[in-house]
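One structure is given below, encoded as structure tokens.
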Protein chains: 2
Amino acid sequence: MSKYINPELAGGFRDYLPEDMIPRQRMFDTIRGVFERFGFVPLDTPGLEKEEILTGGDPNFRMQIFRAGLRAGEEGLALRFDLTVPLARVISAYGDKLEKPFKRYQIGKVWRGEKPQAGRFREFVQFDADIVGSNKTSADAEIIALMYETLVALGLSRFVIKVNNRKILNGLPSFVGLEQTSNAEVLRTIDKLDKIGWEGVKMELVEKLNLGDSQTDKLKRFIDIRSDSQEETLARLAGLGADSSSIEEGSNELREIISHVKSLGVPDQMWRIDLSVARGLGYYTGPVFETTLTGISEIGSVFSGGRFDDLVARFGERSVPATGASVGVDRLFAAMDKLGLIKKEKTVTQVLVLNFDDQAEDYCQRIVALLRSNKVRSELYLGKENSLKGQLTYATKQAVPVVIIAGGTEKTKQVAQIKDMAKRRQVETPFARITDIVKTVLTF
Amino acid sequence: MSKYINPELAGGFRDYLPEDMIPRQRMFDTIRGVFERFGFVPLDTPGLEKEEILTGGDPNFRMQIFRAGLRAGEEGLALRFDLTVPLARVISAYGDKLEKPFKRYQIGKVWRGEKPQAGRFREFVQFDADIVGSNKTSADAEIIALMYETLVALGLSRFVIKVNNRKILNGLPSFVGLEQTSNAEVLRTIDKLDKIGWEGVKMELVEKLNLGDSQTDKLKRFIDIRSDSQEETLARLAGLGADSSSIEEGSNELREIISHVKSLGVPDQMWRIDLSVARGLGYYTGPVFETTLTGISEIGSVFSGGRFDDLVARFGERSVPATGASVGVDRLFAAMDKLGLIKKEKTVTQVLVLNFDDQAEDYCQRIVALLRSNKVRSELYLGKENSLKGQLTYATKQAVPVVIIAGGTEKTKQVAQIKDMAKRRQVETPFARITDIVKTVLTF
């Protein structure tokens, strides 16, 4: 037995090394920039909450969550599995202290007991934006516009935002002639359409709910409604002749959303109404949203959400309307990486000041301090290589754009050699001119 | 019994509402800006790790940590209590894939089983910067310079960075005539000097280690060494006549650090050598750092760290030298708030477009889309108030600088009323000129 500890992560967990974190950070900044441009403000809540808050006290709660405590399980604490339930708690806990509509964004880690497998993690980052306190369809439209603008800002152009309404789906049992109580089962099965196809869905429904041919036919006609035109999809749905007030209400909301989304400048071809979108989570009550990247649909939805008007009611207050969406950051990052949209870098350093002459180290420190005071990202070489050559090799490996060489001779003359690494050009510069010359090299 | 769930956090946990999160975010951005200016790159590691990695497999591990798992404790997972141990794991796990010196920063939540009490939290954010792979004192000096520049960038001017060296403290047992094994106890007691004073420290040491008068006298002479001049402090330490190679080595390192820190441009009066600084954590091996804000010392150190050359060795590889420091973000934020350095804001929105005329909502949406496409942070009013007056009250409460009013009349004329909320001035503007006028108002 070794006395050493294996430096290994548990299955389902991962590190992000700098070459991933530098572009990831940039991605976070872009998302945050768009969210703030839409007037969302930041909120932060703890990673650990009381378990009953997260599960809603539901003994049949299906999601696997991580429990935590100083002693096993004792405190009744668990790790959050999303940022939406904590938001609902905040809304209820602070009441009128939060001016409504409350438009908040939040970025944070969440944990789920997924079976560890390729591309599935037990800890991942969500980046959410929600509008709380508005029951208007223009609020739902804002979320769709936000999703569109965010993906465009990230450099994506081939994606489609799919929109549906839970109210339409809630009308399905009455339309096909089933008890309303079978609704959850119908939704869960339809949600698998992308994975198992119509035949799979049909088989499951026949098996579980004992559907007859005329019933599956009805369902098939519903599911087959597809059109690139949002209006056309709703017209065909109306043509089904489903006498359901829920379907009608849901359709009317979508009709309003279509008009709002147009006014907000989202191009028609970037989103569509897709009646098969159900969204797994139980708390949605109205419009739901999903986003698929064209060509890599296997990765699933990268930006999803919906309206959840009843979630706050879990905490006793009146019901508070809310709508929003969440970026699956890790999934989106993986997809963008596949698409070549992620530029990997090893360093953020613009200037590396070499450090090969002990007698000149103080002078090199003055140079690095000078550059930093002028907002140039700079570092002094602090590694093991003592030779100029070894340190230059390090600079090349790190792809630092500018290197400064200053030994005893340079210190005496109060100059420095500034080396443009891309152009392999070097120029001797007086101390006072260092910042100017460096900035010139960095600009061209 | 209520069927509702109490929306309460567990003791020791807290939310950050937007009015705190907006300035907090700004604080994070500032810190990150300085860290990157010093050439540090971002890293991210999971919140959950294997427990033995975090504790080092030490059965006497003193810190209370949160254990986590799908079923109670089963997986042997725990929540990290700092970002330094995970860094050591990363260094060991990725080996030469990480070019040395590896200068990384990391921001993240950490969890500790502190007794919940005012100002003490069980979950808090740390923001660390470390240099791995350099045993040079110039690396320690970089950390001191980083600490100084970070606090200055945050708007702080009255603070002092206190520096000591564990090697000097390690020489204490031999100096006062004690077994080297009592070292940990001596350090832990001296660490309480700020809280319990010399008499308290003396009493504890007499009680626990059975120190005689000549021994406590020696210790007192050591602890009493204090001077605003770094050189003077070291001179007085040398004057004690402690014949300890460890004290001598520690002093020599500090002498080098003094010279490096000067070259890096840190003013002498902003830092000093303080022989009573011990730092609680066990893993420090060389220079240690602490920062006290003048006037609110009760809050403790807001930015601390040190050299930890042996931590990576826990994972079997050779020993890898490392030095760094960590911002106690929550503590620092609380202190800055006390000092009036935190500007609380309720919104990031620059323009609120009112929404009081259903017939003009589409026109208002076009305005908001126009502004956003020009990078102006804008929102459409989505709340319950239908009247112009009610919506203006909301705008005033939120302190939005610019309000745009556009009803049916404005829609017909394709204009909008732009209202400067501070100056209470309003101007009618053609649609095409809206962005220009808004930007003018925002600039003045």
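If you're wondering about the labels, chains in the structure tokens are A, B, ... by order shown, residues count from 1 in each chain, ligands from 1 in order shown.
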**Asked** How would you write, as a PyMOL selection string, the set of residues in range 315-432 of chain B that DSSP gives as strand (DSSP E)?
**Response** chain B and resi 322-328+351-353+378-380+402-405+415-420+425-430
**Request:** Give the helix (DSSP H, G or I) residues of range 149-300 of chain A, as DSSP finds them on the backbone, and put them as number ranges by chain.
**Result:** A: 149-153, 166-170, 172-176, 180-190, 193-209, 213-223, 230-239, 245-263, 268-270, 297-299
**Asked** In Å, how far is it from CA of Leu146 in chain A to CA of Phe38 in chain A?
**Response**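 Pair CA of Leu146 in chain A / CA of Phe38 in chain A returns 7.2 Å.
Interatomic distance, CA of Arg67 in chain A against CA of Leu77 in chain B: 10.5 Å.
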**Request:** Record the distance separating CA of Arg221 in chain A and CA of Ile168 in chain A, expressed in Å with one decimal.
**Result:**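 Computing the Euclidean distance for CA of Arg221 in chain A and CA of Ile168 in chain A yields 14.2 Å.
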Closest atom pairs, range 44-77 of chain A residues within 10 Å of range 89-93 of chain A, only C-alpha atoms, as a Markdown table:
| residue | atom | partner | partner_atom | distance |
| --- | --- | --- | --- | --- |
| A:Asp44 | CA | A:Val90 | CA | 9.9 |
| A:Thr45 | CA | A:Val90 | CA | 8.4 |
| A:Ile53 | CA | A:Arg89 | CA | 7.6 |
| A:Leu54 | CA | A:Arg89 | CA | 9.1 |
**Message:** Would you pick out the contacts of Phe81 in chain B at 7 Å or less, using only C-alpha atoms, so that residues sharing its chain but fewer than 4 positions from it are not included, and give the list as an MDAnalysis selection string?
**Reply:** chainID B and resid 65 110:112
Surrounding residues of range 307-312 of chain B excluding itself and chain neighbours under 5 positions, 7 Å, only C-alpha atoms, as an mmCIF file with N, CA and C atoms, in the first residue's frame:
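Listed below is the output, selection.cif:
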data_model
loop_
_atom_site.group_PDB
_atom_site.id
_atom_site.type_symbol
_atom_site.label_atom_id
_atom_site.label_comp_id
_atom_site.auth_asym_id
_atom_site.auth_seq_id
_atom_site.Cartn_x
_atom_site.Cartn_y
_atom_site.Cartn_z
ATOM 1 N N ALA B 88 -2.830 21.757 -5.373
ATOM 2 C CA ALA B 88 -1.755 20.777 -5.213
ATOM 3 C C ALA B 88 -2.111 19.480 -5.946
ATOM 4 N N ARG B 89 -3.380 19.068 -5.847
ATOM 5 C CA ARG B 89 -3.823 17.869 -6.564
ATOM 6 C C ARG B 89 -3.642 18.031 -8.069
ATOM 7 N N SER B 92 -0.076 17.778 -9.187
ATOM 8 C CA SER B 92 0.390 16.406 -9.190
ATOM 9 C C SER B 92 -0.254 15.595 -10.317
ATOM 10 N N TYR B 283 0.088 23.802 6.273
ATOM 11 C CA TYR B 283 0.941 23.469 5.127
ATOM 12 C C TYR B 283 2.012 24.505 4.753
ATOM 13 N N TYR B 284 2.073 25.630 5.478
ATOM 14 C CA TYR B 284 3.079 26.642 5.109
ATOM 15 C C TYR B 284 4.481 26.233 5.530
ATOM 16 N N THR B 285 5.447 26.564 4.692
ATOM 17 C CA THR B 285 6.838 26.142 4.950
ATOM 18 C C THR B 285 7.830 27.304 4.952
ATOM 19 N N GLY B 286 7.429 28.471 4.460
ATOM 20 C CA GLY B 286 8.374 29.591 4.338
ATOM 21 C C GLY B 286 7.699 30.907 4.663
ATOM 22 N N PRO B 287 7.919 31.914 3.816
ATOM 23 C CA PRO B 287 7.281 33.210 4.056
ATOM 24 C C PRO B 287 5.763 33.079 4.174
ATOM 25 N N VAL B 288 5.175 33.833 5.100
ATOM 26 C CA VAL B 288 3.712 33.875 5.238
ATOM 27 C C VAL B 288 3.264 35.335 5.215
ATOM 28 N N SER B 319 8.638 16.958 -4.357
ATOM 29 C CA SER B 319 8.129 18.179 -3.756
ATOM 30 C C SER B 319 8.185 19.298 -4.801
ATOM 31 N N VAL B 320 7.137 20.100 -4.899
ATOM 32 C CA VAL B 320 7.097 21.183 -5.879
ATOM 33 C C VAL B 320 6.928 22.504 -5.130
ATOM 34 N N PRO B 321 7.872 23.433 -5.280
ATOM 35 C CA PRO B 321 7.763 24.688 -4.533
ATOM 36 C C PRO B 321 6.565 25.518 -5.006
ATOM 37 N N ALA B 322 5.922 26.197 -4.074
ATOM 38 C CA ALA B 322 4.754 27.004 -4.439
ATOM 39 C C ALA B 322 4.558 28.103 -3.403
ATOM 40 N N THR B 323 4.037 29.221 -3.872
ATOM 41 C CA THR B 323 3.739 30.335 -2.973
ATOM 42 C C THR B 323 2.527 31.077 -3.505
ATOM 43 N N GLY B 324 1.735 31.642 -2.604
ATOM 44 C CA GLY B 324 0.543 32.327 -3.086
ATOM 45 C C GLY B 324 -0.239 32.977 -1.972
#
**Asked** Within 9 Å of Asn183 in chain B, counting only C-alpha atoms, which residues qualify if same-chain residues fewer than 5 places away don't, as number ranges by chain?
**Response** B: 169-173, 178, 188
Show which residues sit within 12 Å of Asp362 in chain B, as a PDB file with C-alpha atoms, in the first residue's frame. Count only C-alpha atoms, and ignore same-chain residues fewer than 5 positions away.
ATOM      1  CA  SER A 138     -43.891  39.892 -23.692  1.00  0.00           C
ATOM      2  CA  ALA A 141     -40.657  36.871 -25.670  1.00  0.00           C
ATOM      3  CA  GLU A 256     -48.842  36.800 -28.863  1.00  0.00           C
ATOM      4  CA  ILE A 257     -45.283  35.578 -28.423  1.00  0.00           C
ATOM      5  CA  ILE A 258     -44.827  35.356 -32.201  1.00  0.00           C
ATOM      6  CA  SER A 259     -45.715  38.991 -32.576  1.00  0.00           C
ATOM      7  CA  HIS A 260     -43.509  40.132 -29.661  1.00  0.00           C
ATOM      8  CA  VAL A 261     -40.518  38.125 -30.823  1.00  0.00           C
ATOM      9  CA  LYS A 262     -40.774  39.730 -34.262  1.00  0.00           C
ATOM     10  CA  SER A 263     -40.851  43.238 -32.731  1.00  0.00           C
ATOM     11  CA  LEU A 264     -37.787  42.366 -30.683  1.00  0.00           C
ATOM     12  CA  GLY A 265     -35.934  41.703 -33.919  1.00  0.00           C
TER      13      GLY A 265
ATOM     14  CA  VAL B 353     -38.721  51.870 -21.863  1.00  0.00           C
ATOM     15  CA  LEU B 354     -42.166  52.325 -20.317  1.00  0.00           C
ATOM     16  CA  ASN B 355     -44.991  50.147 -21.520  1.00  0.00           C
ATOM     17  CA  PHE B 356     -48.377  51.721 -20.757  1.00  0.00           C
ATOM     18  CA  ASP B 357     -50.167  51.569 -24.103  1.00  0.00           C
ATOM     19  CA  ILE B 367     -36.954  50.784 -29.361  1.00  0.00           C
ATOM     20  CA  VAL B 368     -35.543  48.439 -26.745  1.00  0.00           C
ATOM     21  CA  ALA B 369     -34.100  46.181 -29.473  1.00  0.00           C
ATOM     22  CA  LEU B 380     -38.991  47.133 -21.388  1.00  0.00           C
ATOM     23  CA  ALA B 406     -43.685  56.018 -26.207  1.00  0.00           C
ATOM     24  CA  GLY B 407     -47.432  55.544 -26.563  1.00  0.00           C
ATOM     25  CA  GLY B 408     -49.774  55.512 -29.547  1.00  0.00           C
ATOM     26  CA  LYS B 411     -45.729  55.396 -32.445  1.00  0.00           C
TER      27      LYS B 411
END
**Request:** Tell me, as JSON, numbers by chain, which residues lie within 10 Å of Ala399 in chain A, counting only C-alpha atoms; anything in the same chain fewer than 3 positions away does not count.
**Result:** {"A": [345, 346, 347, 348, 349, 350, 393, 394, 395, 396, 402, 421, 422]}
**Message:** Given only C-alpha atoms as the basis, pick out the residue of B:Asp224, B:Glu149, B:Asp268, B:Asp82 nearest to chain A.
**Reply:** B:Glu149
**Counting only C-alpha atoms, the residue of B:Gln426, B:Ser304, B:Thr181, B:Ser378 that sits nearest chain A** =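 When distances to chain A are compared using only C-alpha atoms, the smallest one comes from B:Ser378.
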